[in-house]
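Before any comments, here is the structure.
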Amino acid sequence: MYEYILDDNMLPQQATLKDYYAWKDSLPKGMQTGIGFQVLGTKCQDGKFASTVYLGVNHAYGDVAPVLWETIVFGDDDEECERYSSHMQAMIGHWLLVEKHGGRKKEEGNDDATLNELRPF
C-alpha cells in the first residue's frame, strides 16, 4: 500500500509515510478518522448515515488507479460500502447512496459540508 496526500486541486500525490502523517496531522481534528479524514456526512431519510472519507492509503490491488475514497452507509447490520479513485467519483457516489436511502433527511443541524468547504490547505 502507498500513502497519498491531496494537492490544492484535490488530486492525490504519492507521499512518504512521514509526509503523509505530517499532512494528516495538520488537518482539523474534527475531520480526522483513523487513517484519513471525513469528507462528507449525511443523515438519510431512512434513518441511516452516509459517511464519505478520504482514506489516504491506496486500497486497490494490482496495476490500477489508486482507490483512496470510501462511502459507508451505517444504520444496521447490513452496512453498504463503495470505494472510489477520485474526489469527483466519491462525491457523486455519496449522493447516489444517499438517494438510494430516501434522500437527505431535512432537519436542523444537518448541515452537510463538503471537503471544498472544509479544506484546511
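Chains: A, B, ... in order of the C-alpha cells. Residues: from 1 per chain. Ligands: from 1, in order shown.
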
- request: Would you list, as a count of residues only, the residues of chain A that end up in strand (DSSP E) under DSSP run on this structure's backbone?
  value: 32

message: Env of Thr16 of chain A: 9 Å cut, atoms = only C-alpha atoms, seq-sep filter 4 positions within chain, self excluded. Answer as a ChimeraX atom specification.
response: /A:2-4,20-21

Print the selection's residues with N, CA and C atoms to a file, as a PDB file, in the first residue's frame.
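Once everything was written out, this is out.pdb:
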ATOM      1  N   TYR A   2       0.349   2.303  -0.573  1.00  0.00           N
ATOM      2  CA  TYR A   2       1.046   3.580  -0.618  1.00  0.00           C
ATOM      3  C   TYR A   2       0.161   4.666  -0.026  1.00  0.00           C
ATOM      4  N   GLU A   3       0.797   5.666   0.573  1.00  0.00           N
ATOM      5  CA  GLU A   3       0.081   6.788   1.142  1.00  0.00           C
ATOM      6  C   GLU A   3       0.019   7.918   0.127  1.00  0.00           C
ATOM      7  N   TYR A   4      -1.073   8.696   0.217  1.00  0.00           N
ATOM      8  CA  TYR A   4      -1.270   9.816  -0.692  1.00  0.00           C
ATOM      9  C   TYR A   4      -1.790  11.020   0.088  1.00  0.00           C
ATOM     10  N   TYR A  20       2.952  11.853   4.812  1.00  0.00           N
ATOM     11  CA  TYR A  20       1.512  11.617   4.908  1.00  0.00           C
ATOM     12  C   TYR A  20       1.000  11.953   6.313  1.00  0.00           C
ATOM     13  N   TYR A  21       1.680  11.441   7.346  1.00  0.00           N
ATOM     14  CA  TYR A  21       1.205  11.689   8.713  1.00  0.00           C
ATOM     15  C   TYR A  21       1.366  13.148   9.115  1.00  0.00           C
TER      16      TYR A  21
END

message: I'd like the contact shell of Gly93 of chain A - 12 Å cut-off, only C-alpha atoms, skipping same-chain residues fewer than 2 positions apart - returned as an MDAnalysis selection string.
response: chainID A and resid 40 50:53 69:73 80:91 95:100

- prompt: A:Asp7, A:Ala22, A:Leu27, A:Glu79: which is nearest Val39 of chain A, counting only C-alpha atoms?
  reply: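 Going through A:Asp7, A:Ala22, A:Leu27, A:Glu79 one by one, the smallest distance to Val39 of chain A is for A:Leu27.
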
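Counting only C-alpha atoms and comparing A:His94, A:Lys18, A:His101, A:Lys106, the residue that lies closest to Gln38 of chain A is A:His94.
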
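Between atom CA of Asp78 of chain A and atom CA of Lys29 of chain A lies a distance of 28.8 Å.
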
- request: Write out as a ChimeraX atom specification the residues lying within 8 Å of Asp46 of chain A, counting only C-alpha atoms and excluding same-chain residues fewer than 2 positions away.
  value: /A:44,48,101-102

Residue subset to file, keeping N, CA and C atoms, as a compact mmCIF listing (two decimals), in the first residue's frame:
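See result36.txt below for the written result:
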# COMPACT_ATOMS: atom_id res chain seq x y z
N CYS A 44 -29.71 10.23 6.31
CA CYS A 44 -30.65 9.82 5.26
C CYS A 44 -32.07 9.74 5.80
N LYS A 48 -30.54 6.09 8.26
CA LYS A 48 -29.14 5.69 8.16
C LYS A 48 -28.26 6.93 7.98
N HIS A 101 -31.16 5.70 -0.21
CA HIS A 101 -31.72 5.57 1.14
C HIS A 101 -32.73 6.67 1.45
N GLY A 102 -33.42 7.14 0.43
CA GLY A 102 -34.54 8.06 0.60
C GLY A 102 -34.20 9.53 0.52

query: Residues at most 7 Å from Gln45 of chain A, counting only C-alpha atoms, excluding those fewer than 2 positions away in the same chain, as a PyMOL selection string?
result: chain A and resi 43+47+101-105

- prompt: In Å, how far is it from atom CA of Leu55 of chain A to atom CA of Phe37 of chain A?
  reply: 6.8 Å

I'd like the neighbourhood of Ala60 of chain A as a PDB file with C-alpha atoms, in the first residue's frame, where a residue qualifies if any of its atoms comes within 10 Å (using only C-alpha atoms), though same-chain residues fewer than 2 positions away should be ignored.
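Wrote around-v4.pdb, looks like this:
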ATOM      1  CA  MET A   1       0.000   0.000   0.000  1.00  0.00           C
ATOM      2  CA  TYR A   2       1.046   3.580  -0.618  1.00  0.00           C
ATOM      3  CA  VAL A  57      -3.907   4.850   1.737  1.00  0.00           C
ATOM      4  CA  ASN A  58      -4.332   3.015  -1.560  1.00  0.00           C
ATOM      5  CA  GLY A  62      -2.876  -4.681  -8.948  1.00  0.00           C
ATOM      6  CA  ASP A  63      -1.920  -2.185 -11.605  1.00  0.00           C
ATOM      7  CA  VAL A  64      -4.983   0.089 -11.415  1.00  0.00           C
ATOM      8  CA  ALA A  65      -5.720   3.641 -10.279  1.00  0.00           C
ATOM      9  CA  PRO A  66      -5.364   4.138  -6.522  1.00  0.00           C
ATOM     10  CA  VAL A  67      -8.585   3.715  -4.531  1.00  0.00           C
ATOM     11  CA  LEU A  68      -8.482   6.480  -1.951  1.00  0.00           C
ATOM     12  CA  ARG A  83     -14.838   2.891  -2.938  1.00  0.00           C
ATOM     13  CA  TYR A  84     -13.563   5.429  -5.465  1.00  0.00           C
ATOM     14  CA  SER A  85     -10.440   6.637  -7.249  1.00  0.00           C
TER      15      SER A  85
END

query: Using only C-alpha atoms, which of A:Asp76, A:Gly56, A:Tyr61, A:Ile92 sits nearest Gln13 of chain A?
result: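 Result for the nearest residue to Gln13 of chain A: A:Gly56.
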
statement: atom CA of Asn9 of chain A sits from atom CA of Lys24 of chain A at a separation of 16.6 Å

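Every residue of segment 24-113 of chain A with a DSSP assignment of alpha helix (DSSP H), taken from the backbone, is listed as Lys24, Asp25, His87, Met88, Gln89, Ala90, Met91, Ile92, Gly93, His94, Trp95, Leu96, Leu97, Val98, Glu99 and Lys100 of chain A.
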